[in-house]
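J.: Dropping the structure in here first, questions after.
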Amino acid sequence: MITKKRLTHLKQLEAESVHILREVAAEFTNPVMMYSVGKDSSVMLHIAIKAFAPSKPPFPLLHVDTTWKFKEMIKFRDQRAIDLGFDLLVHSNPEGIKMGMSPFKHGSKVHTDIMKTQALKQALNAGKYDAVIGGARRDEEKSRAKERIFSFRDKNHRWDPKNQRPELWNVYNTGIQKGESVRVFPISNWTELDVWQYIYLEKIPIPSLYFSKEREVVEYEGTKILVDDERMPKELREKAKKEMVRFRTLGCYPLTGAINSKATTLPQIIKEMLLSTSSEREGRIIDKDQEGAMEQKKIEGYF
Amino acid sequence: MENQNNKIAKDIEGYLKEHENKDMLRFLTCGSVDDGKSTLIGRMLYDSKMVFDDQLAAVEGESKKYGTTGEKIDMALLVDGLQSEREQGITIDVAYRFFATEKRKYIIADTPGHEQYTRNMVTGASTADVAIILIDARKGILTQTKRHSFIVSLLGIEHVIVAINKMDLVDFSESVFKEISKSYTELANELNIKNTYYMPVSALDGDNVVEKSKKTTWYKGKTLLNLLDSIDISKKEKHEDFRFPVQYVNRPNLDFRGFCGTIAAGKVSVGDEITVLPSGKTTVIKSIIDSGDIIEENFHVTCKNAYAPMAVTLTTKDEIDISRGDMIVHSKNVPRVSNSLKVMLVWMDEKSMELNQNYDIKRGTSVVPGSFEHINYKVDINTFERKQVHKLDVNDIASCKMILNQPIAADSYTKNRYTGSFVVIDRITNNTVGAGMILGVSRRENDLSKIHSKEYTDSEKALNKFIRENFPEWDCKKI
């Protein structure tokens, strides 16, 4: 008997991601999965469930909460953890909170460094994790396109882009010494379209912020941001207007641009995405601080 | 592309339905700085509308700073990712790029062409189904073309597209194209490359990349993208060649013990008789869980059979000892088990390979210490000449004898890419210092094939099958 059957591209991607997650579970003693509540995390979570069924995935979820996330994200996060039976760990940088860190006051660069990069390092050091699973994709940004699926980090969580381990076939080198760690990206080879298609096919729950609705937004640093709470400066809030908007990515509300849209269903979102002329990260303020911004942030330990 | 956009605008659900069944193809692009490799990839992404306005705006800014194309947008900057690369105008590391057509999703491994980055090219080639080799029409076949072709053939890529680029600089001359195609055919024959395809292109202006060029009316073949869409990459493998490297043992409670892994080859069905290697113990498949079928509401979905490259969980009828690193195969098709392997090794570390030093050998899911006892010969990747050497330096490729501290079940690389390949890990630094392909498995130790060595005639096999199927109560063994 001869097999000529081939899996569809989504099934191939899914199988590859399952393989990667199982490799983590088999080779590391203390792995953790980063959960950012966005669509990519949602896909990753869903695949983790598949990979270990009928067991629960053998690692907890970790959310680095900058305290500036959309309110709905936090609600959604807590509910998903309960529904799927995951252990959910949440960490915010206590020093940043003490400083009263605000993207409005301190700017995106300082905020991201203290509330995301530093907070992440604190959480990883405290948890002594040897593998940290993240939902980054190679199509997102140029420096990500070069990152390994199992990406080595030194004791200070730094990435050395010029000295990466060769990664061949589906054989992953998981060797580390004490204090070092590996960041693992199971959905490296997925594109934004793959992610949306998969969410649609598998009916994966995602926060409603991705769907268009009449929301209160205001122009800020070249994008439209949501009035999510009272911490937004009064003079901004006063200029807010109701518009039909949605978000292509989710993060800190002051740093995440909304787009005008009528898409209220998944097919409509996919349609808009396919016909759009701008990339999903366009609405992200942090990527554009400086040229090669992402590469620099990644070297410093950002995801 | 226009048609596609109309379809998306008018009937998105119909469009999604069609695209659920897309295939996936991974390809490698080989060429050096001057061949226009990054330009070609940038062109494919740009012409297939994978580049967004904001990305293009960023590249326009950078074109002025680093660009090498004057007034035109430097397509290469779309793909050269790292700052250091943009500054130097070269590709150093493997970058992965993505685009999709109506037929397929593509993953491009964009690799550097310089000799000092051979290991990076080997890395990119390891997962590719197809290779695109760029040849500068003005220069024809160069040393680097031979080197790239050698690596492509070494890594078992069966389809090679020879893109003869910069046709604009030779006035789109048919005779230049024919001349180069002819010499490459000889090279392909020498290297045993199965399928070759030739096309005249100009990556800079997009001729024959996505759209058919008006300047090459003599060329009757497909455009690059059309060709990629139509190449048949399905592997004709036998069900019986089932190979399952056990990756993870899933044991949530005493009632369930599942063996997780990705099927490396063949097909498995409930009721199949299996052998676990290297132990040689046998049992029967009780159930199969395809991870793809699992839904959040039901963790207990099972299926009747599964095939490569599905990620599945198998349970067995008998409680026998099976652990990570073992290989499950059909009892009627058992690979050789040995600790002595003839391999083709690519050395990837600045520190030279030392004979008889212990390294960790990771093959599939098994990690076993091993060493290289002998270098049979080193291949000069530019001339394909064989040389006698006593050590291997970075980027060296050599046939070696590898001895493992424990035997493993192994296939040759030509038979199976995933059970016939391995990486070499330094036991102190944990770096990946080499990668290898199994050429042959010696009958040195624990060779299970002896048990199965008796040859049966077809009628004996048929009789055995008849008894097994009709008189299961006899517990007849499969031959």
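All residue names refer to the structure tokens as shown: chains lettered A, B, ... in order, residues numbered from 1 in each chain, ligands numbered from 1 in order.
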Do you know which residues are at most 10 Å from stretch 373-380 of chain B counting only C-alpha atoms, after dropping those on the same chain fewer than 3 positions away, and could you put them as a VMD selection string?
T.: chain B and resid 147 150 340 342 to 346 354 to 357 370 383 to 392 396 to 404
J.: With only C-alpha atoms as the counted atoms, please give the residues lying no more than 7 Å from B:Thr419, apart from itself and same-chain residues fewer than 5 positions off, as a list in words.
T.: Ala264, Arg363, Gly364, Ala410 and Asp411 of chain B
J.: Limited to N, CA and C atoms, could you put the picked residues into a file as a JSON list (two decimals), in the first residue's frame?
T.:
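Output (part_24.json):
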```
[["chain", "number", "residue", "atom", "x", "y", "z"],
["B", 264, "ALA", "N", 6.94, 9.42, 11.80],
["B", 264, "ALA", "CA", 8.01, 9.83, 10.89],
["B", 264, "ALA", "C", 7.82, 9.26, 9.50],
["B", 363, "ARG", "N", 19.08, 11.90, 17.80],
["B", 363, "ARG", "CA", 18.44, 11.43, 16.57],
["B", 363, "ARG", "C", 16.96, 11.28, 16.90],
["B", 364, "GLY", "N", 16.10, 12.03, 16.21],
["B", 364, "GLY", "CA", 14.69, 11.99, 16.54],
["B", 364, "GLY", "C", 14.51, 12.39, 17.99],
["B", 410, "ALA", "N", 17.75, 2.41, 13.26],
["B", 410, "ALA", "CA", 18.05, 3.50, 12.33],
["B", 410, "ALA", "C", 17.73, 3.15, 10.89],
["B", 411, "ASP", "N", 17.35, 4.19, 10.14],
["B", 411, "ASP", "CA", 17.15, 4.05, 8.70],
["B", 411, "ASP", "C", 18.20, 4.91, 8.01]]
```
J.: Run DSSP on the backbone and give me the residues of stretch 46-91 of chain A it puts in helix (DSSP H, G or I), as number ranges by chain.
T.: A: 46-52, 71-84
J.: Write out as a ChimeraX atom specification each polymer residue whose atoms come within 12 Å of stretch 85-89 of chain A, counting only C-alpha atoms; drop sequence neighbours fewer than 2 positions from it.
T.: /A:32-37,45-46,48-49,55-65,74,77-83,91-92,120,123-124,126-127 /B:296
J.: Store the residues picked out above, limited to C-alpha atoms, as a short mmCIF file (atom, residue, chain, number, x, y, z; two decimals), in the first residue's frame.
T.:
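Written file, again_35.cif:
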```cif
data_model
loop_
_atom_site.label_atom_id
_atom_site.label_comp_id
_atom_site.auth_asym_id
_atom_site.auth_seq_id
_atom_site.Cartn_x
_atom_site.Cartn_y
_atom_site.Cartn_z
CA VAL A 32 6.18 27.63 31.72
CA MET A 33 3.92 28.96 28.98
CA MET A 34 3.63 32.71 28.52
CA TYR A 35 0.01 33.71 28.18
CA SER A 36 -0.63 37.16 26.80
CA VAL A 37 -4.38 36.68 26.25
CA LEU A 45 -3.18 27.26 24.57
CA HIS A 46 -5.57 25.33 22.36
CA ALA A 48 -1.28 22.60 24.30
CA ILE A 49 -4.62 21.05 25.24
CA SER A 55 -3.92 14.81 30.47
CA LYS A 56 -3.74 18.52 31.21
CA PRO A 57 -0.62 20.25 29.87
CA PRO A 58 2.25 19.71 32.31
CA PHE A 59 3.14 23.39 32.73
CA PRO A 60 1.53 26.51 34.22
CA LEU A 61 0.61 29.71 32.39
CA LEU A 62 2.40 32.95 33.17
CA HIS A 63 0.98 36.36 32.42
CA VAL A 64 3.15 39.44 32.81
CA ASP A 65 0.58 42.04 33.70
CA ILE A 74 -7.88 40.34 32.41
CA ARG A 77 -7.65 35.49 31.00
CA ASP A 78 -9.04 34.45 34.38
CA GLN A 79 -12.04 32.76 32.79
CA ARG A 80 -9.94 30.77 30.29
CA ALA A 81 -7.64 29.51 33.02
CA ILE A 82 -10.64 28.27 34.99
CA ASP A 83 -12.37 26.72 31.96
CA HIS A 91 3.30 38.92 37.79
CA SER A 92 3.55 42.72 37.77
CA LEU A 120 9.33 39.30 32.73
CA ALA A 123 9.06 36.46 37.02
CA LEU A 124 11.44 34.13 35.17
CA ALA A 126 11.63 33.86 40.62
CA GLY A 127 10.18 30.80 38.89
CA GLU B 296 -11.75 21.42 24.30
#
```
J.: Residues of chain B within 6 Å of chain A, using only C-alpha atoms, as a PyMOL selection string?
T.: chain B and resi 21-24+52-54+81-82+95-96+123+126-127+236-239+248+252+291+294+299+310-311+364+430+432
J.: Of the candidates B:Glu211, B:Asp241, B:Asp35, B:Glu297, which shows the shortest atom-to-atom distance to B:Leu227, using only C-alpha atoms?
T.: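 Ranked by minimum distance to B:Leu227, first place goes to B:Glu211.
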J.: Quick one: pull the distance between atom CA of B:Cys303 and atom CA of B:Ser287, Å, one decimal.
T.: 7.4 Å
J.: Between A:Leu236, A:Met99, A:Ile20, A:Ile206, which has the minimum distance to A:Val184 (counting only C-alpha atoms)?
T.: A:Ile20
J.: As an exercise, work out the distance from atom CA of B:Asp171 to atom CA of B:Thr216 in Å and give it to one decimal place.
T.: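 Going from atom CA of B:Asp171 over to atom CA of B:Thr216, I get 9.5 Å.
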J.: Skip B:Lys267 itself and residues of its chain fewer than 5 positions away, then list as a compact mmCIF listing (two decimals) with N, CA, C and O atoms, in the first residue's frame all residues within 7 Å of it, counting only C-alpha atoms.
T.:
```
# COMPACT_ATOMS: atom_id res chain seq x y z
N HIS B 239 2.84 2.13 3.57
CA HIS B 239 2.24 2.08 4.89
C HIS B 239 3.08 1.29 5.86
O HIS B 239 3.23 1.63 7.03
N GLU B 240 3.66 0.19 5.33
CA GLU B 240 4.39 -0.75 6.18
C GLU B 240 5.64 -0.12 6.79
O GLU B 240 6.17 -0.60 7.78
N PHE B 242 6.10 2.10 8.66
CA PHE B 242 5.74 2.89 9.83
C PHE B 242 6.93 3.07 10.79
O PHE B 242 7.57 2.10 11.20
N ALA B 306 -3.66 6.42 11.53
CA ALA B 306 -2.97 7.70 11.41
C ALA B 306 -1.74 7.53 10.55
O ALA B 306 -1.21 6.42 10.43
N TYR B 307 -1.31 8.60 9.93
CA TYR B 307 -0.15 8.52 9.04
C TYR B 307 0.75 9.73 9.22
O TYR B 307 0.37 10.72 9.86
N ALA B 308 1.95 9.66 8.63
CA ALA B 308 2.93 10.74 8.73
C ALA B 308 2.39 11.99 8.04
O ALA B 308 1.72 11.86 7.01
```
J.: Give me the residues within 8 Å of B:Ala109 as an MDAnalysis selection string, counting only C-alpha atoms and dropping any in the same chain fewer than 6 places off.
T.: chainID B and resid 26:29 94:97 124:125 128
J.: Report as a VMD selection string all protein, DNA and RNA residues lying within 10 Å of B:Tyr198, evaluated on only C-alpha atoms, omitting residues in the same chain fewer than 3 positions from it.
T.: chain B and resid 132 to 133 160 to 164 177 to 178 180 to 182 184 to 185 201 219 221 to 222 224
J.: Can you pull out every residue within 9 Å of B:Val433, counting only C-alpha atoms, but drop anything in the same chain fewer than 6 positions away, and send it as a PDB file with C-alpha atoms, in the first residue's frame?
T.:
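Saved the output as part.pdb:
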```pdb
ATOM      1  CA  ARG A 165      22.486  27.197  17.555  1.00  0.00           C
ATOM      2  CA  PRO A 166      21.938  25.543  14.186  1.00  0.00           C
TER       3      PRO A 166
ATOM      4  CA  VAL B 346      28.601  18.308   8.557  1.00  0.00           C
ATOM      5  CA  TRP B 347      30.766  19.973  11.185  1.00  0.00           C
ATOM      6  CA  MET B 348      29.288  23.251  12.432  1.00  0.00           C
ATOM      7  CA  ASP B 349      31.461  24.410  15.283  1.00  0.00           C
ATOM      8  CA  GLU B 350      34.525  26.658  15.319  1.00  0.00           C
ATOM      9  CA  LYS B 351      36.155  24.083  17.563  1.00  0.00           C
ATOM     10  CA  MET B 353      35.791  17.693  15.655  1.00  0.00           C
ATOM     11  CA  VAL B 394      33.810  24.211  10.733  1.00  0.00           C
ATOM     12  CA  VAL B 423      22.539  16.454  15.412  1.00  0.00           C
ATOM     13  CA  VAL B 424      25.759  16.396  17.405  1.00  0.00           C
ATOM     14  CA  ILE B 425      25.759  18.268  20.718  1.00  0.00           C
ATOM     15  CA  ASP B 426      28.869  19.236  22.663  1.00  0.00           C
TER      16      ASP B 426
END
```
J.: What gap, in Å, lies between atom CA of B:Phe98 and atom CA of B:Tyr46?
T.: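 According to the coordinates, atom CA of B:Phe98 and atom CA of B:Tyr46 are separated by 11.5 Å.
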